[in-house]
Amino acid sequence: MHRNNIYFLKLFGPAWLVMMADMDASSTIGAAETGAIFKYGLIWFLLLLVIPLYFIQEVSGRIGAVTRKGLGEVIRENYSRKTAILLSFPMALTDVITYIIEYLGVAIGLEMMGVPVYITVPIVYIIHILIVTKRKYIKAEKILLLISSLLIIGFGATLAVRGIKDYSPIYFVPSPDFIYILAVNVGAVIMPFMLFFQASATAEKMRWIPKTSENFLNRAIKHVKAETLIGAIVTELLMAIVEMATAGIDPSANFASASDLSSALQYIAGSYSPYLFGIGLIGAGFLALVIISLGSAWGIVEALGIPREKSYIVYILESLPAVIVTLIIPSYLLINVVLNLLVAFIFVLIGPAIVMGMIARNKKIMGEFRSSCLQNVEYWGSLIFIVIFGILAIL
């Protein structure tokens, strides 16, 4: 096999995984709510979100490839330790809440198959911690790539069983509730941990390549761009598939309840649909648990200047409260938390996204790979688009 092809096979993973983790339990529940309320009406909007998702995440991957450092480390070295901490810690705080949603998503998926929550959550916690603490990223990535296939199989099979209905894919009404649902979907498309994860994971895979291989760096960045684009398209197609699979479900159903969700799915898609949807939800929640853990912990230790080997402390401290909350708080109380959290992500994203855009255009840091005028327009336009919806949601 050609040497460059071997390199590219070794490089594959960060962009794909961050996009699949974007389709996490909260995004799945948000898409299901969207399908229940608007049927296929927001498919046009979900596909439109491929554009800002790609333009923003491409910058994260490019920074990791060029600098061979994580975003938190680049910010600390080129701005200040305080700036890096201010930008990474809000992400970590929202991630603590996100873990609750991911554990809940996995628990709902397994409960739909008859496994009770009090057994599911502790076991998932142990497996999750073992993966992120006992394996180097390169080894853990192979497991995560396999898990990512569960999303596609589970949600795709659910839609196949349900069948495609004759609903319009285009709907728009300028009402506060409609704008709020748009903002929920915008919040689901780019989450703060994604910026930190893709840069750090890409840097991790680039470190073994000799720095003198400039020609390869050009090729590697093209690979990052292509992988990011493919991942962005697939994750938004998955969001559309979930919306289509849940179109027509009773909007009053509790989507954080395994029994309610199972009953609603059985009513419109047959007895096998809860199991298929459950497989997708398990894959979505568990994959996101691991990816968010890595992105969040890497961002914190890089900001503090702590060796990455100490990340296990962050994994454990962030995840344990989520396990406790998931076990003691009824799931029906968490559904509004899910939707509001997706909107909150937009505002937590602003700080690191602004600095990331500044880094991308900095010739001292990025050299010949700094953002061009067109790339700057694409990036800042995408960020403004996202922030506008966050503002509209709270007005």
# chains A, B, ... in the order shown; residues from 1 in each chain; ligands from 1
call {"tool": "select_by_dssp", "arguments": {"residues": "stretch 146-377 of chain A", "states": "alpha helix (DSSP H)", "output": "PyMOL selection string"}}
result
chain A and resi 146-162+176-189+192-206+214-245+258-269+273-304+311-328+335-360+363-366+373-377
call {"tool": "residues_around", "arguments": {"residues": "stretch 82-84 of chain A", "least_positions_apart": "4", "cutoff": "6 Å", "atoms": "only C-alpha atoms", "output": "VMD selection string"}}
result
chain A and resid 72 75 to 76 303
call {"tool": "residues_around", "arguments": {"residues": "A:Gly357", "least_positions_apart": "5", "cutoff": "8 Å", "atoms": "only C-alpha atoms", "output": "PyMOL selection string"}}
result
chain A and resi 59+376+379-380
call {"tool": "residues_around", "arguments": {"residues": "A:Val301", "least_positions_apart": "6", "cutoff": "10 Å", "atoms": "only C-alpha atoms", "output": "VMD selection string"}}
result
chain A and resid 72 to 73 84 to 85 88 307 to 311 313 to 314
call {"tool": "write_last_selection", "arguments": {"atoms": "all heavy atoms", "output": "PDB file, in the first residue's frame"}}
result
ATOM      1  N   GLY A  72      -6.978  23.955  23.602  1.00  0.00           N
ATOM      2  CA  GLY A  72      -6.680  24.561  24.898  1.00  0.00           C
ATOM      3  C   GLY A  72      -5.218  24.937  25.027  1.00  0.00           C
ATOM      4  O   GLY A  72      -4.867  26.000  25.561  1.00  0.00           O
ATOM      5  N   GLU A  73      -4.332  24.082  24.519  1.00  0.00           N
ATOM      6  CA  GLU A  73      -2.894  24.344  24.580  1.00  0.00           C
ATOM      7  C   GLU A  73      -2.509  25.513  23.683  1.00  0.00           C
ATOM      8  O   GLU A  73      -1.695  26.362  24.071  1.00  0.00           O
ATOM      9  CB  GLU A  73      -2.133  23.084  24.167  1.00  0.00           C
ATOM     10  CG  GLU A  73      -0.631  23.181  24.320  1.00  0.00           C
ATOM     11  CD  GLU A  73       0.083  21.888  23.963  1.00  0.00           C
ATOM     12  OE1 GLU A  73      -0.606  20.897  23.622  1.00  0.00           O
ATOM     13  OE2 GLU A  73       1.324  21.873  24.018  1.00  0.00           O
ATOM     14  N   ALA A  84      -7.353  30.685  28.520  1.00  0.00           N
ATOM     15  CA  ALA A  84      -7.641  29.278  28.225  1.00  0.00           C
ATOM     16  C   ALA A  84      -8.586  28.693  29.261  1.00  0.00           C
ATOM     17  O   ALA A  84      -9.521  27.946  28.930  1.00  0.00           O
ATOM     18  CB  ALA A  84      -6.350  28.477  28.178  1.00  0.00           C
ATOM     19  N   ILE A  85      -8.378  29.045  30.527  1.00  0.00           N
ATOM     20  CA  ILE A  85      -9.247  28.541  31.600  1.00  0.00           C
ATOM     21  C   ILE A  85     -10.654  29.109  31.458  1.00  0.00           C
ATOM     22  O   ILE A  85     -11.650  28.387  31.590  1.00  0.00           O
ATOM     23  CB  ILE A  85      -8.649  28.888  32.979  1.00  0.00           C
ATOM     24  CG1 ILE A  85      -7.373  28.088  33.219  1.00  0.00           C
ATOM     25  CG2 ILE A  85      -9.653  28.621  34.095  1.00  0.00           C
ATOM     26  CD1 ILE A  85      -6.599  28.509  34.446  1.00  0.00           C
ATOM     27  N   SER A  88     -12.405  27.218  28.607  1.00  0.00           N
ATOM     28  CA  SER A  88     -12.611  25.774  28.712  1.00  0.00           C
ATOM     29  C   SER A  88     -13.504  25.367  29.883  1.00  0.00           C
ATOM     30  O   SER A  88     -14.246  24.388  29.783  1.00  0.00           O
ATOM     31  CB  SER A  88     -11.257  25.051  28.829  1.00  0.00           C
ATOM     32  OG  SER A  88     -10.568  25.449  29.989  1.00  0.00           O
ATOM     33  N   PRO A 307      -0.145  17.621  32.240  1.00  0.00           N
ATOM     34  CA  PRO A 307       0.028  16.526  31.284  1.00  0.00           C
ATOM     35  C   PRO A 307      -1.275  15.777  31.032  1.00  0.00           C
ATOM     36  O   PRO A 307      -2.083  15.588  31.949  1.00  0.00           O
ATOM     37  CB  PRO A 307       1.056  15.615  31.984  1.00  0.00           C
ATOM     38  CG  PRO A 307       1.790  16.517  32.909  1.00  0.00           C
ATOM     39  CD  PRO A 307       0.787  17.534  33.376  1.00  0.00           C
ATOM     40  N   ARG A 308      -1.465  15.361  29.790  1.00  0.00           N
ATOM     41  CA  ARG A 308      -2.715  14.687  29.422  1.00  0.00           C
ATOM     42  C   ARG A 308      -2.929  13.402  30.210  1.00  0.00           C
ATOM     43  O   ARG A 308      -4.063  12.953  30.389  1.00  0.00           O
ATOM     44  CB  ARG A 308      -2.721  14.402  27.920  1.00  0.00           C
ATOM     45  CG  ARG A 308      -4.036  13.826  27.431  1.00  0.00           C
ATOM     46  CD  ARG A 308      -4.064  13.656  25.933  1.00  0.00           C
ATOM     47  NE  ARG A 308      -4.161  14.925  25.237  1.00  0.00           N
ATOM     48  CZ  ARG A 308      -4.379  15.026  23.929  1.00  0.00           C
ATOM     49  NH1 ARG A 308      -4.508  13.940  23.198  1.00  0.00           N
ATOM     50  NH2 ARG A 308      -4.461  16.205  23.361  1.00  0.00           N
ATOM     51  N   GLU A 309      -1.856  12.811  30.709  1.00  0.00           N
ATOM     52  CA  GLU A 309      -1.975  11.568  31.485  1.00  0.00           C
ATOM     53  C   GLU A 309      -2.816  11.760  32.739  1.00  0.00           C
ATOM     54  O   GLU A 309      -3.332  10.801  33.312  1.00  0.00           O
ATOM     55  CB  GLU A 309      -0.579  11.050  31.878  1.00  0.00           C
ATOM     56  CG  GLU A 309       0.263  10.537  30.724  1.00  0.00           C
ATOM     57  CD  GLU A 309       0.792  11.651  29.831  1.00  0.00           C
ATOM     58  OE1 GLU A 309       0.878  12.807  30.306  1.00  0.00           O
ATOM     59  OE2 GLU A 309       1.098  11.380  28.650  1.00  0.00           O
ATOM     60  N   LYS A 310      -2.970  13.016  33.184  1.00  0.00           N
ATOM     61  CA  LYS A 310      -3.759  13.304  34.383  1.00  0.00           C
ATOM     62  C   LYS A 310      -5.242  13.513  34.069  1.00  0.00           C
ATOM     63  O   LYS A 310      -6.028  13.808  34.968  1.00  0.00           O
ATOM     64  CB  LYS A 310      -3.224  14.559  35.066  1.00  0.00           C
ATOM     65  CG  LYS A 310      -1.745  14.481  35.450  1.00  0.00           C
ATOM     66  CD  LYS A 310      -1.501  13.478  36.556  1.00  0.00           C
ATOM     67  CE  LYS A 310      -0.046  13.491  36.997  1.00  0.00           C
ATOM     68  NZ  LYS A 310       0.228  12.492  38.045  1.00  0.00           N
ATOM     69  N   SER A 311      -5.612  13.351  32.815  1.00  0.00           N
ATOM     70  CA  SER A 311      -7.002  13.606  32.415  1.00  0.00           C
ATOM     71  C   SER A 311      -7.994  12.709  33.134  1.00  0.00           C
ATOM     72  O   SER A 311      -9.171  13.066  33.275  1.00  0.00           O
ATOM     73  CB  SER A 311      -7.159  13.404  30.897  1.00  0.00           C
ATOM     74  OG  SER A 311      -6.390  14.318  30.179  1.00  0.00           O
ATOM     75  N   ILE A 313      -8.522  12.164  36.085  1.00  0.00           N
ATOM     76  CA  ILE A 313      -9.137  12.822  37.241  1.00  0.00           C
ATOM     77  C   ILE A 313     -10.380  13.589  36.799  1.00  0.00           C
ATOM     78  O   ILE A 313     -11.427  13.567  37.462  1.00  0.00           O
ATOM     79  CB  ILE A 313      -8.130  13.777  37.914  1.00  0.00           C
ATOM     80  CG1 ILE A 313      -6.923  12.988  38.419  1.00  0.00           C
ATOM     81  CG2 ILE A 313      -8.787  14.549  39.057  1.00  0.00           C
ATOM     82  CD1 ILE A 313      -5.791  13.856  38.928  1.00  0.00           C
ATOM     83  N   VAL A 314     -10.270  14.274  35.659  1.00  0.00           N
ATOM     84  CA  VAL A 314     -11.406  15.042  35.138  1.00  0.00           C
ATOM     85  C   VAL A 314     -12.528  14.111  34.706  1.00  0.00           C
ATOM     86  O   VAL A 314     -13.706  14.368  34.970  1.00  0.00           O
ATOM     87  CB  VAL A 314     -10.964  15.939  33.965  1.00  0.00           C
ATOM     88  CG1 VAL A 314     -12.142  16.780  33.448  1.00  0.00           C
ATOM     89  CG2 VAL A 314      -9.813  16.836  34.386  1.00  0.00           C
TER      90      VAL A 314
END
call {"tool": "closest_residue", "arguments": {"among": "A:Ala25, A:Ala344, A:Ala240, A:Ile328", "to": "A:Val117", "atoms": "only C-alpha atoms"}}
result
A:Ile328
call {"tool": "residues_around", "arguments": {"residues": "A:Met206", "least_positions_apart": "4", "cutoff": "7 Å", "atoms": "only C-alpha atoms", "output": "VMD selection string"}}
result
chain A and resid 65 68 202
call {"tool": "closest_residue", "arguments": {"among": "A:Gly231, A:Gly61, A:Gly105, A:Gly154", "to": "A:Leu276", "atoms": "only C-alpha atoms"}}
result
A:Gly154
call {"tool": "atom_distance", "arguments": {"atom1": "atom CA of A:Leu53", "atom2": "atom CA of A:Met191"}}
result
9.9 Å
call {"tool": "atom_distance", "arguments": {"atom1": "atom CA of A:Val189", "atom2": "atom CA of A:Ala245"}}
result
19.0 Å
call {"tool": "closest_residue", "arguments": {"among": "A:Ile292, A:Val348, A:Ile119, A:Ile394", "to": "A:Phe193", "atoms": "only C-alpha atoms"}}
result
A:Ile292
call {"tool": "residues_around", "arguments": {"residues": "A:Ile350", "least_positions_apart": "3", "cutoff": "12 Å", "atoms": "only C-alpha atoms", "output": "count of residues only"}}
result
30
